[in-house]
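Text of coords.txt, listed as compact mmCIF, C-alpha atoms and all ligand atoms:
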# COMPACT_ATOMS: atom_id res chain seq x y z
CA MET A 160 -129.20 96.65 15.96
CA ARG A 161 -129.77 93.86 13.43
CA SER A 162 -128.02 95.70 10.56
CA ALA A 163 -125.10 96.61 12.77
CA LEU A 164 -124.65 92.93 13.63
CA LEU A 165 -124.87 91.89 9.98
CA GLY A 166 -122.26 94.48 9.13
CA LEU A 167 -119.93 92.97 11.69
CA ILE A 168 -120.38 89.48 10.29
CA VAL A 169 -119.67 90.63 6.73
CA LEU A 170 -116.58 92.48 7.88
CA SER A 171 -115.14 89.52 9.71
CA ALA A 172 -115.83 87.22 6.74
CA CYS A 173 -113.93 89.62 4.50
CA ALA A 174 -111.01 89.72 6.90
CA HIS A 175 -110.99 85.94 6.98
CA ASN A 176 -111.04 85.66 3.19
CA HIS A 177 -108.25 88.13 2.84
CA LYS A 178 -106.14 86.20 5.34
CA THR A 179 -106.61 82.91 3.54
CA ASN A 180 -105.96 84.28 0.04
CA THR A 181 -102.22 83.97 0.33
CA PRO A 182 -101.39 80.27 0.61
CA VAL A 183 -99.31 79.13 3.51
CA THR A 184 -96.37 76.76 3.72
CA ILE A 185 -96.52 74.16 6.45
CA PHE A 186 -93.25 72.65 7.70
CA ARG A 187 -94.40 69.33 9.03
CA GLY A 188 -92.81 67.08 11.58
CA ALA A 189 -89.52 68.71 12.59
CA VAL A 190 -88.22 69.04 16.12
CA ILE A 191 -88.42 72.78 16.76
CA ILE A 192 -85.82 74.50 18.92
CA ASP A 193 -87.55 77.85 19.01
CA GLY A 194 -84.89 80.10 20.56
CA THR A 195 -86.99 81.04 23.60
CA GLY A 196 -85.15 78.56 25.78
CA ALA A 197 -88.21 76.28 25.90
CA ASP A 198 -87.74 72.54 25.44
CA ALA A 199 -87.62 71.37 21.84
CA VAL A 200 -90.89 69.90 20.55
CA VAL A 201 -92.12 68.16 17.41
CA ASP A 202 -94.47 70.74 15.94
CA ASP A 203 -95.84 72.03 12.66
CA LEU A 204 -94.63 75.49 11.75
CA VAL A 205 -96.80 77.52 9.38
CA ILE A 206 -95.50 80.49 7.42
CA ARG A 207 -97.17 82.96 5.12
CA GLY A 208 -94.96 85.37 3.19
CA ASP A 209 -92.11 86.35 5.49
CA ARG A 210 -93.98 85.55 8.72
CA ILE A 211 -94.64 82.66 11.05
CA VAL A 212 -98.44 82.48 11.29
CA GLY A 213 -98.97 79.24 13.15
CA ARG A 214 -97.46 76.60 15.40
CA GLY A 215 -98.91 73.21 16.24
CA GLU A 216 -102.48 72.37 15.20
CA VAL A 217 -103.14 73.93 11.81
CA ASP A 218 -106.35 75.89 11.29
CA LYS A 219 -108.37 73.98 8.63
CA ALA A 220 -108.96 77.18 6.69
CA MET A 221 -105.20 77.47 6.23
CA LEU A 222 -104.91 74.11 4.51
CA ASP A 223 -106.50 75.44 1.30
CA GLY A 224 -103.72 75.64 -1.28
CA ALA A 225 -101.07 75.10 1.37
CA THR A 226 -97.66 73.75 0.45
CA ILE A 227 -96.51 71.00 2.78
CA VAL A 228 -92.79 70.64 3.37
CA ASP A 229 -91.95 67.33 4.99
CA VAL A 230 -89.22 68.00 7.52
CA SER A 231 -89.87 64.98 9.69
CA GLY A 232 -86.69 63.69 11.29
CA LYS A 233 -85.13 67.13 10.94
CA PHE A 234 -84.49 69.96 13.36
CA MET A 235 -85.30 73.66 13.10
CA MET A 236 -83.73 76.58 14.94
CA PRO A 237 -83.86 80.37 14.38
CA MET A 238 -81.16 81.98 12.28
CA MET A 239 -78.42 83.35 14.49
CA VAL A 240 -77.39 86.90 15.38
CA ASP A 241 -73.69 87.75 15.71
CA VAL A 242 -73.14 90.92 17.74
CA HIS A 243 -69.38 91.13 17.24
CA THR A 244 -68.16 91.03 13.67
CA HIS A 245 -66.17 93.11 11.21
CA LEU A 246 -67.28 93.71 7.63
CA GLY A 247 -65.25 94.67 4.60
CA LEU A 248 -61.97 94.80 6.52
CA LEU A 249 -60.69 91.40 5.37
CA ALA A 250 -60.09 90.17 1.84
CA GLY A 251 -58.01 87.07 1.19
CA THR A 252 -55.47 86.77 3.99
CA THR A 253 -55.06 90.47 4.76
CA THR A 254 -56.96 93.28 6.45
CA ALA A 255 -56.73 96.76 4.99
CA ALA A 256 -58.68 99.99 4.71
CA ALA A 257 -58.64 99.55 0.91
CA HIS A 258 -60.81 96.43 1.24
CA TYR A 259 -63.72 98.49 2.54
CA THR A 260 -65.99 98.56 -0.50
CA ARG A 261 -69.74 98.09 -0.90
CA ASP A 262 -69.14 94.89 -2.87
CA ASN A 263 -66.85 93.39 -0.26
CA VAL A 264 -69.26 94.23 2.56
CA GLU A 265 -72.19 92.75 0.64
CA ARG A 266 -70.22 89.61 -0.26
CA GLN A 267 -69.52 89.02 3.43
CA LEU A 268 -73.14 89.71 4.43
CA VAL A 269 -74.22 87.07 1.90
CA ARG A 270 -71.79 84.56 3.40
CA PHE A 271 -73.17 85.19 6.87
CA ARG A 272 -76.72 84.62 5.64
CA ASP A 273 -75.74 81.45 3.78
CA TYR A 274 -74.34 80.10 7.03
CA GLY A 275 -77.53 80.82 8.96
CA VAL A 276 -76.68 84.22 10.44
CA GLN A 277 -79.46 86.76 9.88
CA ALA A 278 -77.99 89.90 11.44
CA VAL A 279 -74.50 91.08 12.34
CA LEU A 280 -73.17 93.97 14.38
CA ALA A 281 -69.87 95.33 13.04
CA LEU A 282 -67.87 96.75 15.91
CA GLY A 283 -65.79 99.77 15.12
CA SER A 284 -64.01 99.01 11.84
CA ASP A 285 -66.61 100.64 9.60
CA ARG A 286 -65.86 103.80 7.72
CA VAL A 287 -68.12 106.80 7.16
CA GLU A 288 -69.38 105.52 3.80
CA GLY A 289 -70.53 102.33 5.57
CA PHE A 290 -73.50 104.08 7.19
CA ALA A 291 -75.19 104.35 3.78
CA TRP A 292 -74.61 100.61 3.21
CA ARG A 293 -75.92 99.86 6.69
CA ASP A 294 -79.10 101.78 5.80
CA ALA A 295 -79.36 99.99 2.43
CA SER A 296 -78.99 96.62 4.16
CA ARG A 297 -81.72 97.41 6.66
CA GLU A 298 -84.07 98.49 3.85
CA GLY A 299 -83.28 95.23 2.05
CA SER A 300 -81.47 96.74 -0.92
CA LEU A 301 -78.15 95.15 0.07
CA ALA A 302 -78.13 91.34 -0.03
CA GLY A 303 -77.36 89.01 2.85
CA ALA A 304 -77.57 89.30 6.62
CA ARG A 305 -78.80 92.60 8.05
CA PHE A 306 -75.96 95.01 8.85
CA TYR A 307 -75.80 96.81 12.22
CA SER A 308 -72.90 99.11 12.89
CA ALA A 309 -70.93 100.92 15.57
CA GLY A 310 -69.47 103.01 12.78
CA LEU A 311 -66.03 104.35 13.60
CA GLY A 312 -64.71 102.92 16.85
CA PHE A 313 -62.79 104.77 19.58
CA GLY A 314 -59.12 103.93 20.08
CA VAL A 315 -55.95 105.50 21.40
CA PRO A 316 -53.53 107.85 19.58
CA GLY A 317 -50.69 105.61 18.38
CA GLY A 318 -52.31 102.63 20.18
CA MET A 319 -55.16 100.17 19.85
CA PRO A 320 -56.46 99.26 17.37
CA PRO A 321 -53.35 99.32 15.15
CA ILE A 322 -53.65 101.62 12.13
CA GLU A 323 -51.61 99.18 10.02
CA MET A 324 -54.42 96.59 10.34
CA GLY A 325 -56.75 98.92 8.45
CA PHE A 326 -58.23 100.95 11.33
CA ASP A 327 -57.25 104.32 9.87
CA GLN A 328 -60.63 106.03 10.47
CA VAL A 329 -60.88 105.02 14.12
CA LEU A 330 -61.40 108.08 16.36
CA ARG A 331 -58.48 108.57 18.73
CA PRO A 332 -59.34 111.30 21.25
CA SER A 333 -56.57 112.15 23.72
CA THR A 334 -58.68 114.11 26.21
CA PRO A 335 -62.18 113.77 27.68
CA ASP A 336 -63.26 116.94 25.83
CA GLU A 337 -62.09 115.58 22.50
CA ALA A 338 -63.83 112.31 23.30
CA ARG A 339 -67.15 114.08 23.93
CA ALA A 340 -66.81 116.09 20.73
CA ASP A 341 -66.12 112.88 18.76
CA VAL A 342 -69.17 111.18 20.27
CA ARG A 343 -71.38 114.12 19.32
CA LYS A 344 -70.11 113.98 15.73
CA LEU A 345 -70.57 110.22 15.46
CA VAL A 346 -74.10 110.04 16.89
CA GLY A 347 -75.22 112.21 13.97
CA TYR A 348 -74.82 109.10 11.81
CA ARG A 349 -77.09 107.08 14.12
CA PRO A 350 -74.66 104.27 15.01
CA ASP A 351 -76.39 101.26 16.57
CA VAL A 352 -73.90 101.24 19.45
CA LEU A 353 -70.46 102.80 20.02
CA LYS A 354 -67.25 100.74 20.29
CA ILE A 355 -64.22 101.46 22.44
CA TRP A 356 -60.95 99.54 22.70
CA VAL A 357 -59.58 99.17 26.25
CA ASP A 358 -56.53 96.93 25.97
CA ASP A 359 -52.74 97.19 25.67
CA PHE A 360 -52.27 94.15 23.39
CA TRP A 361 -49.95 92.34 25.85
CA GLY A 362 -48.14 95.53 26.77
CA LYS A 363 -47.48 96.61 23.19
CA TYR A 364 -49.64 99.74 23.13
CA ALA A 365 -50.88 102.49 25.39
CA LYS A 366 -54.28 101.71 26.92
CA MET A 367 -57.26 104.07 26.77
CA ARG A 368 -57.27 106.15 29.96
CA PRO A 369 -60.28 105.82 32.32
CA GLU A 370 -61.13 109.54 32.08
CA VAL A 371 -61.40 109.16 28.29
CA PHE A 372 -63.65 106.08 28.32
CA THR A 373 -65.73 107.55 31.12
CA ALA A 374 -66.35 110.65 28.97
CA ILE A 375 -67.24 108.54 25.92
CA ILE A 376 -69.72 106.42 27.88
CA ASP A 377 -71.30 109.42 29.59
CA GLU A 378 -71.66 111.42 26.36
CA ALA A 379 -73.04 108.38 24.50
CA HIS A 380 -75.63 107.84 27.21
CA ARG A 381 -76.67 111.51 26.98
CA HIS A 382 -77.52 110.69 23.36
CA HIS A 383 -79.19 107.36 24.30
CA VAL A 384 -76.56 105.25 22.57
CA ARG A 385 -75.01 102.19 24.25
CA VAL A 386 -71.27 101.51 24.39
CA ALA A 387 -69.53 98.18 23.75
CA ALA A 388 -65.98 97.68 24.99
CA HIS A 389 -63.17 95.53 23.70
CA VAL A 390 -61.87 94.28 27.03
CA TYR A 391 -59.29 91.73 28.13
CA HIS A 392 -58.30 92.46 31.74
CA LEU A 393 -60.32 92.03 34.92
CA ASP A 394 -59.19 95.41 36.34
CA ASP A 395 -60.36 97.23 33.21
CA ALA A 396 -63.68 95.36 33.34
CA ARG A 397 -64.25 96.60 36.89
CA ALA A 398 -63.47 100.19 35.91
CA LEU A 399 -65.70 99.96 32.83
CA VAL A 400 -68.64 98.62 34.84
CA ALA A 401 -68.20 101.46 37.31
CA ALA A 402 -68.21 103.90 34.37
CA GLY A 403 -71.51 102.48 33.10
CA ILE A 404 -70.43 100.28 30.18
CA ASP A 405 -73.32 98.50 28.44
CA ILE A 406 -71.65 95.61 26.58
CA PHE A 407 -68.42 93.65 26.94
CA ALA A 408 -67.50 92.64 23.39
CA HIS A 409 -64.94 90.01 24.49
CA SER A 410 -64.21 87.74 27.42
CA ILE A 411 -62.39 88.85 30.53
CA ARG A 412 -59.38 86.61 30.04
CA ASP A 413 -56.45 87.47 32.31
CA ALA A 414 -58.06 86.38 35.58
CA LYS A 415 -61.15 84.73 36.99
CA VAL A 416 -64.10 86.99 37.66
CA ASP A 417 -65.13 87.41 41.29
CA ALA A 418 -68.60 87.34 42.82
CA GLU A 419 -68.66 91.10 43.25
CA LEU A 420 -68.10 91.80 39.55
CA VAL A 421 -70.58 89.11 38.51
CA ALA A 422 -73.23 90.65 40.76
CA ALA A 423 -72.50 94.17 39.54
CA MET A 424 -72.77 93.13 35.88
CA ALA A 425 -76.02 91.27 36.51
CA ALA A 426 -77.51 94.16 38.48
CA ARG A 427 -76.56 96.77 35.85
CA GLY A 428 -77.62 94.63 32.90
CA VAL A 429 -74.19 94.57 31.26
CA VAL A 430 -74.35 92.16 28.30
CA TYR A 431 -71.39 89.78 27.98
CA VAL A 432 -70.22 88.69 24.52
CA PRO A 433 -67.46 86.12 25.13
CA THR A 434 -65.99 85.61 21.58
CA LEU A 435 -64.38 82.38 22.86
CA SER A 436 -63.45 81.20 19.38
CA ILE A 437 -60.89 83.93 18.78
CA ASP A 438 -58.79 82.81 21.72
CA GLU A 439 -58.95 79.24 20.45
CA PHE A 440 -58.24 80.17 16.81
CA ALA A 441 -55.02 81.84 17.99
CA PHE A 442 -53.49 78.39 18.61
CA ALA A 443 -55.98 75.83 17.24
CA TYR A 444 -54.46 75.31 13.80
CA THR A 445 -51.21 73.93 15.23
CA SER A 446 -53.05 70.73 16.19
CA SER A 447 -54.85 70.17 12.83
CA PRO A 448 -58.40 70.42 14.16
CA ALA A 449 -60.98 68.07 12.62
CA TRP A 450 -62.94 70.93 11.05
CA LEU A 451 -59.96 71.95 8.89
CA ASN A 452 -60.93 69.46 6.19
CA GLU A 453 -64.70 69.95 6.37
CA LEU A 454 -66.35 71.67 3.42
CA PHE A 455 -68.39 73.66 5.92
CA PHE A 456 -65.13 75.35 7.00
CA THR A 457 -63.19 75.43 3.75
CA ASN A 458 -66.08 76.93 1.76
CA ALA A 459 -66.29 79.77 4.26
CA CYS A 460 -62.60 80.66 4.06
CA GLU A 461 -61.38 83.68 2.14
CA PRO A 462 -59.05 82.75 -0.75
CA GLY A 463 -55.62 81.70 0.53
CA VAL A 464 -56.63 81.28 4.17
CA LEU A 465 -56.81 77.49 4.13
CA GLU A 466 -53.37 77.27 2.51
CA MET A 467 -52.07 79.78 5.06
CA VAL A 468 -53.24 77.95 8.20
CA LYS A 469 -51.87 74.66 6.85
CA SER A 470 -48.50 76.11 5.85
CA PRO A 471 -45.38 75.20 7.86
CA GLU A 472 -44.39 78.89 7.96
CA TYR A 473 -47.65 79.90 9.62
CA LEU A 474 -47.57 77.00 12.09
CA GLU A 475 -43.95 77.72 12.94
CA ARG A 476 -44.78 81.36 13.59
CA VAL A 477 -47.64 80.44 15.94
CA ARG A 478 -45.51 77.88 17.81
CA ASN A 479 -42.68 80.37 18.26
CA ASN A 480 -44.89 83.28 19.25
CA PRO A 481 -44.39 83.95 22.97
CA VAL A 482 -48.01 85.11 23.17
CA THR A 483 -49.37 81.68 22.11
CA ALA A 484 -49.01 80.19 25.62
CA THR A 485 -50.81 83.24 27.04
CA GLU A 486 -53.61 82.71 24.50
CA ARG A 487 -54.07 79.14 25.69
CA ASP A 488 -54.39 80.34 29.28
CA ALA A 489 -56.69 83.16 28.18
CA TYR A 490 -58.94 80.63 26.44
CA SER A 491 -59.38 78.43 29.49
CA THR A 492 -59.92 81.46 31.74
CA ALA A 493 -62.52 82.72 29.26
CA LEU A 494 -64.36 79.37 29.38
CA HIS A 495 -64.42 79.52 33.18
CA ASN A 496 -65.61 83.14 33.24
CA LEU A 497 -68.46 82.57 30.80
CA LYS A 498 -69.92 79.85 33.01
CA ALA A 499 -69.49 81.94 36.17
CA LEU A 500 -71.14 84.99 34.60
CA TYR A 501 -73.94 82.99 32.98
CA ASP A 502 -74.74 81.21 36.24
CA GLY A 503 -74.60 84.56 38.03
CA GLY A 504 -77.46 85.88 35.92
CA VAL A 505 -75.51 88.00 33.44
CA THR A 506 -77.10 88.20 29.98
CA VAL A 507 -74.87 86.62 27.35
CA ALA A 508 -75.07 87.24 23.60
CA MET A 509 -73.11 85.51 20.85
CA GLY A 510 -70.21 87.24 19.12
CA THR A 511 -67.20 85.97 17.22
CA ASP A 512 -65.05 88.87 16.00
CA ALA A 513 -65.30 87.11 12.63
CA GLY A 514 -63.75 89.11 9.82
CA ALA A 515 -61.27 90.94 12.07
CA ASN A 516 -58.50 88.80 10.61
CA ALA A 517 -58.00 85.87 8.27
CA ILE A 518 -58.21 83.10 10.88
CA ARG A 519 -61.59 84.29 12.21
CA VAL A 520 -63.72 82.87 9.42
CA GLN A 521 -67.13 84.45 8.85
CA GLY A 522 -69.99 81.94 8.84
CA PHE A 523 -67.98 79.11 10.34
CA SER A 524 -67.07 81.05 13.48
CA GLU A 525 -70.68 81.41 14.65
CA HIS A 526 -71.19 77.64 14.63
CA HIS A 527 -67.85 77.13 16.33
CA GLU A 528 -68.74 79.68 18.99
CA LEU A 529 -71.73 77.50 19.92
CA VAL A 530 -69.33 74.58 20.37
CA ASN A 531 -67.16 76.73 22.62
CA MET A 532 -70.07 77.95 24.72
CA VAL A 533 -71.02 74.32 25.32
CA ALA A 534 -67.37 73.57 26.19
CA ALA A 535 -67.69 76.33 28.81
CA GLY A 536 -70.58 74.49 30.42
CA LEU A 537 -73.73 75.92 28.84
CA SER A 538 -76.21 73.35 27.57
CA PRO A 539 -76.71 73.23 23.79
CA LEU A 540 -80.20 74.69 24.31
CA GLU A 541 -78.75 77.57 26.33
CA ALA A 542 -76.04 78.24 23.74
CA ILE A 543 -78.60 78.33 20.92
CA THR A 544 -80.81 80.72 22.91
CA VAL A 545 -77.80 82.99 23.49
CA ALA A 546 -77.03 82.96 19.75
CA THR A 547 -80.61 83.67 18.64
CA ARG A 548 -83.00 85.42 21.04
CA ASN A 549 -80.33 87.18 23.11
CA GLY A 550 -78.58 88.66 20.07
CA ALA A 551 -81.92 89.87 18.70
CA LYS A 552 -82.62 91.49 22.08
CA LEU A 553 -79.27 93.26 22.06
CA LEU A 554 -80.03 94.70 18.61
CA GLY A 555 -83.58 95.63 19.66
CA ILE A 556 -85.16 93.42 16.98
CA ASP A 557 -86.54 90.71 19.26
CA ASN A 558 -90.15 91.81 18.70
CA ASP A 559 -89.65 90.89 15.06
CA THR A 560 -87.18 88.01 14.98
CA GLY A 561 -84.79 85.79 16.94
CA THR A 562 -87.33 83.14 17.96
CA LEU A 563 -89.72 80.84 16.11
CA GLU A 564 -92.92 82.25 17.60
CA VAL A 565 -96.14 83.23 15.83
CA GLY A 566 -95.87 86.74 14.40
CA LYS A 567 -92.09 86.68 14.03
CA GLN A 568 -90.10 86.55 10.81
CA ALA A 569 -89.75 83.14 9.20
CA SER A 570 -85.94 83.12 9.41
CA PHE A 571 -84.70 79.69 10.39
CA ILE A 572 -82.24 76.89 9.73
CA VAL A 573 -83.31 73.32 8.95
CA LEU A 574 -80.77 70.79 10.25
CA ARG A 575 -80.22 67.14 9.40
CA ALA A 576 -79.09 66.19 12.91
CA ASN A 577 -79.93 67.15 16.46
CA PRO A 578 -77.72 69.94 17.84
CA LEU A 579 -79.11 69.34 21.33
CA VAL A 580 -77.32 65.98 21.32
CA GLN A 581 -74.18 67.20 19.60
CA ILE A 582 -73.79 70.96 19.20
CA GLU A 583 -71.40 70.52 16.23
CA ASP A 584 -74.47 69.41 14.28
CA THR A 585 -75.64 72.99 13.72
CA ARG A 586 -73.19 72.62 10.79
CA ARG A 587 -75.35 69.96 9.17
CA ILE A 588 -77.50 72.52 7.43
CA ASP A 589 -80.22 71.25 5.12
CA ALA A 590 -81.62 74.67 4.25
CA VAL A 591 -81.67 78.26 5.40
CA TYR A 592 -84.97 80.15 5.18
CA TYR A 593 -84.49 83.88 5.45
CA ARG A 594 -87.69 85.90 5.82
CA GLY A 595 -89.72 83.05 4.41
CA ARG A 596 -87.57 82.32 1.39
CA ILE A 597 -85.21 79.43 0.96
CA ASP A 598 -81.75 80.78 0.47
CA ARG A 599 -79.43 77.85 0.39
CA THR A 600 -79.50 74.08 0.26
CA SER A 601 -76.93 71.64 1.46
CA ALA A 602 -75.24 71.66 -1.95
CA ARG A 603 -72.63 74.20 -0.98
CA TYR A 604 -71.62 72.68 2.29
ZN ZN B 1 -63.59 93.04 17.01
Take the structure in the file and write it out as structure tokens.
Amino acid sequence: MRSALLGLIVLSACAHNHKTNTPVTIFRGAVIIDGTGADAVVDDLVIRGDRIVGRGEVDKAMLDGATIVDVSGKFMMPMMVDVHTHLGLLAGTTTAAAHYTRDNVERQLVRFRDYGVQAVLALGSDRVEGFAWRDASREGSLAGARFYSAGLGFGVPGGMPPIEMGFDQVLRPSTPDEARADVRKLVGYRPDVLKIWVDDFWGKYAKMRPEVFTAIIDEAHRHHVRVAAHVYHLDDARALVAAGIDIFAHSIRDAKVDAELVAAMAARGVVYVPTLSIDEFAFAYTSSPAWLNELFFTNACEPGVLEMVKSPEYLERVRNNPVTATERDAYSTALHNLKALYDGGVTVAMGTDAGANAIRVQGFSEHHELVNMVAAGLSPLEAITVATRNGAKLLGIDNDTGTLEVGKQASFIVLRANPLVQIEDTRRIDAVYYRGRIDRTSARY
């Protein structure tokens, strides 16, 4: 009995020693917005290696050899998760299949990480070779934010998404049987979700037929893969919910949602990703928005984009485009619908469609999407929770990251101003810590 007890004591002392061998870093005095939706609090945050190992009162044993980082007067929030992006499609001011290289994908992942985005889901513009890069990213052998992928999306023969924009590997089944066969082929690559386009681009293209998207969703579910839909119209949203869709990758923007649809989406757990910024970007540059001259924006732009959005030719084209007025209406309808769905209990995650074209700037868009969610009526705390914990949940990584809780990855942004007072202040980045390592200081912003 006695020797058994002694053995236990020795064992626990060893475990303790081992734990304290690696020194910790203590971030002292910041206001912590932890991504759980809880009120922000002034708290110490303790990390060891890539993990958060303590919050609040610090265990005395941990103080040995600890590095103290004074972050008093600053604000900390988790790195964000963007569940609607495109990687390697854009370079400069154009999108093209030829841009899809490992280097271009990695360059964009690095930009996302520099701007405080730790994981991105690319929705349907990836090519077959991208699965290997996705795997490399997840193992940590590709730099930047972690890459999640829908692989090749599902579109319509001769329709959405337009081949000339670089979507030449998109699967375009014309019958339910072809759709099922395509799903079976694609799931062999282990896509994180599937992506379908259900839209006619203001009447320009044929829309995916309900029997085709129903077959895709059903076959995907047989293989335990979720389906995200590009959606625009209320009628399509209703049909997609009835067919079992898992994720709306855009706002419903042609009409206000009704109580019946809100209730159905909440009951079925459909996740809503509003991508509000894209509707605003479609017309925003014509009124010289304040951000246009901020380094935080200009440093994120691909070469030539800033010159493009300031050029009289571009502005003239936007002003003369008959669709621009529709985009303005779509934007305000989208703001309304986000608030209605959020209040109705629908889970919302943050997405931006960044990288789908030149005016949807990767890195900047995520911060701007927070501004738009607040414009829709969410509180800054709610918007941050949507952009952190909820995105991690959607990707199935919330046990590991997405909030600043003990045991999770030490992936967070240190801010110089309080985003709960002014949501634009998520742009005032002091430092980004990704998996415990400082990645970027304010120098570049
Ligand atoms: Zn997209």
Exercise. Would you mind telling me which residue in A:Ser436, A:Thr585, A:Asn480, A:Thr506 lies nearest to A:Arg548 when using only C-alpha atoms?
Key: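 That would be A:Thr506, the residue with the smallest distance to A:Arg548.
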**Report entry** Contacts with ligand ZN 1 (chain B) at most 9 Å, only C-alpha atoms and all ligand atoms counted, listed as a ChimeraX atom specification
**Finding:** /A:243-245,281-284,389,408-409,511-515
**Asked** When distances are computed from only C-alpha atoms, which of A:Leu574, A:Val264, A:Val482, A:Ala396 shows the smallest separation from A:Ile411?
**Response**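 Counting only C-alpha atoms, the residue closest to A:Ile411 is A:Ala396.
Using only C-alpha atoms, the residues found no farther than 7 Å from A:Phe313, other than those of its own chain fewer than 3 positions away, are Val329, Leu330, Arg331, Lys354, Ile355 and Trp356 of chain A.
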Around (-79.6, 76.8, 21.6) in the file's frame, which residues reach within 10 Å when counting all atoms listed in the file? Return as a tab-separated table (two decimals) with C-alpha atoms, keeping the file's coordinate frame?
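Saved as result_21.tsv:
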chain	number	residue	atom	x	y	z
A	192	ILE	CA	-85.82	74.50	18.92
A	193	ASP	CA	-87.55	77.85	19.01
A	194	GLY	CA	-84.89	80.10	20.56
A	195	THR	CA	-86.99	81.04	23.60
A	196	GLY	CA	-85.15	78.56	25.78
A	197	ALA	CA	-88.21	76.28	25.90
A	198	ASP	CA	-87.74	72.54	25.44
A	199	ALA	CA	-87.62	71.37	21.84
A	236	MET	CA	-83.73	76.58	14.94
A	237	PRO	CA	-83.86	80.37	14.38
A	239	MET	CA	-78.42	83.35	14.49
A	529	LEU	CA	-71.73	77.50	19.92
A	533	VAL	CA	-71.02	74.32	25.32
A	537	LEU	CA	-73.73	75.92	28.84
A	538	SER	CA	-76.21	73.35	27.57
A	539	PRO	CA	-76.71	73.23	23.79
A	540	LEU	CA	-80.20	74.69	24.31
A	541	GLU	CA	-78.75	77.57	26.33
A	542	ALA	CA	-76.04	78.24	23.74
A	543	ILE	CA	-78.60	78.33	20.92
A	544	THR	CA	-80.81	80.72	22.91
A	545	VAL	CA	-77.80	82.99	23.49
A	546	ALA	CA	-77.03	82.96	19.75
A	547	THR	CA	-80.61	83.67	18.64
A	548	ARG	CA	-83.00	85.42	21.04
A	578	PRO	CA	-77.72	69.94	17.84
A	579	LEU	CA	-79.11	69.34	21.33
A	582	ILE	CA	-73.79	70.96	19.20
A	585	THR	CA	-75.64	72.99	13.72
> Which value, in Å to one decimal, gives the distance between atom CA of A:Val565 and atom CA of A:Arg214?
Replying inline: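 For atom CA of A:Val565 relative to atom CA of A:Arg214, the distance reads 6.8 Å.
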Query raised in the report: Just how far from atom CA of A:Phe407 is atom CA of A:Arg519, in Å to one decimal?
Result: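 Computing it gives 18.7 Å between the two atoms.
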What's the 10 Å shell around stretch 454-471 of chain A, counting only C-alpha atoms, without same-chain residues fewer than 6 positions away, as a PDB file with C-alpha atoms, keeping the file's coordinate frame?
ATOM      1  CA  LEU A 249     -60.690  91.400   5.370  1.00  0.00           C
ATOM      2  CA  ALA A 250     -60.090  90.170   1.840  1.00  0.00           C
ATOM      3  CA  GLY A 251     -58.010  87.070   1.190  1.00  0.00           C
ATOM      4  CA  THR A 252     -55.470  86.770   3.990  1.00  0.00           C
ATOM      5  CA  THR A 253     -55.060  90.470   4.760  1.00  0.00           C
ATOM      6  CA  GLN A 267     -69.520  89.020   3.430  1.00  0.00           C
ATOM      7  CA  ARG A 270     -71.790  84.560   3.400  1.00  0.00           C
ATOM      8  CA  PHE A 271     -73.170  85.190   6.870  1.00  0.00           C
ATOM      9  CA  ASP A 273     -75.740  81.450   3.780  1.00  0.00           C
ATOM     10  CA  TYR A 274     -74.340  80.100   7.030  1.00  0.00           C
ATOM     11  CA  ALA A 443     -55.980  75.830  17.240  1.00  0.00           C
ATOM     12  CA  TYR A 444     -54.460  75.310  13.800  1.00  0.00           C
ATOM     13  CA  THR A 445     -51.210  73.930  15.230  1.00  0.00           C
ATOM     14  CA  SER A 447     -54.850  70.170  12.830  1.00  0.00           C
ATOM     15  CA  VAL A 477     -47.640  80.440  15.940  1.00  0.00           C
ATOM     16  CA  GLY A 514     -63.750  89.110   9.820  1.00  0.00           C
ATOM     17  CA  ALA A 517     -58.000  85.870   8.270  1.00  0.00           C
ATOM     18  CA  ILE A 518     -58.210  83.100  10.880  1.00  0.00           C
ATOM     19  CA  ARG A 519     -61.590  84.290  12.210  1.00  0.00           C
ATOM     20  CA  VAL A 520     -63.720  82.870   9.420  1.00  0.00           C
ATOM     21  CA  GLN A 521     -67.130  84.450   8.850  1.00  0.00           C
ATOM     22  CA  GLY A 522     -69.990  81.940   8.840  1.00  0.00           C
ATOM     23  CA  PHE A 523     -67.980  79.110  10.340  1.00  0.00           C
ATOM     24  CA  SER A 524     -67.070  81.050  13.480  1.00  0.00           C
ATOM     25  CA  HIS A 526     -71.190  77.640  14.630  1.00  0.00           C
ATOM     26  CA  HIS A 527     -67.850  77.130  16.330  1.00  0.00           C
ATOM     27  CA  ARG A 586     -73.190  72.620  10.790  1.00  0.00           C
ATOM     28  CA  ARG A 587     -75.350  69.960   9.170  1.00  0.00           C
ATOM     29  CA  ILE A 588     -77.500  72.520   7.430  1.00  0.00           C
ATOM     30  CA  SER A 601     -76.930  71.640   1.460  1.00  0.00           C
ATOM     31  CA  ARG A 603     -72.630  74.200  -0.980  1.00  0.00           C
ATOM     32  CA  TYR A 604     -71.620  72.680   2.290  1.00  0.00           C
TER      33      TYR A 604
END
Practice prompt. Show which residues sit within 12 Å of stretch 287-292 of chain A, as an NGL selection string. Count only C-alpha atoms, and ignore same-chain residues fewer than 6 positions away.
Written response: :A and (245-248 or 256 or 259-265 or 268 or 281 or 298-303 or 305-312 or 327-330 or 344-351)
- Report the distance between atom CA of A:His392 and atom CA of A:Phe360 in Å, rounded to one decimal place.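 About the pair atom CA of A:His392 and atom CA of A:Phe360: they are 10.4 Å apart.
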Identify, on the basis of only C-alpha atoms, every residue whose closest approach to A:Asp413 does not exceed 10 Å; exclude the query and any residue fewer than 3 positions from it along the same chain; express the result as a VMD selection string. chain A and resid 391 to 394 410 416 485 to 486 488 to 493
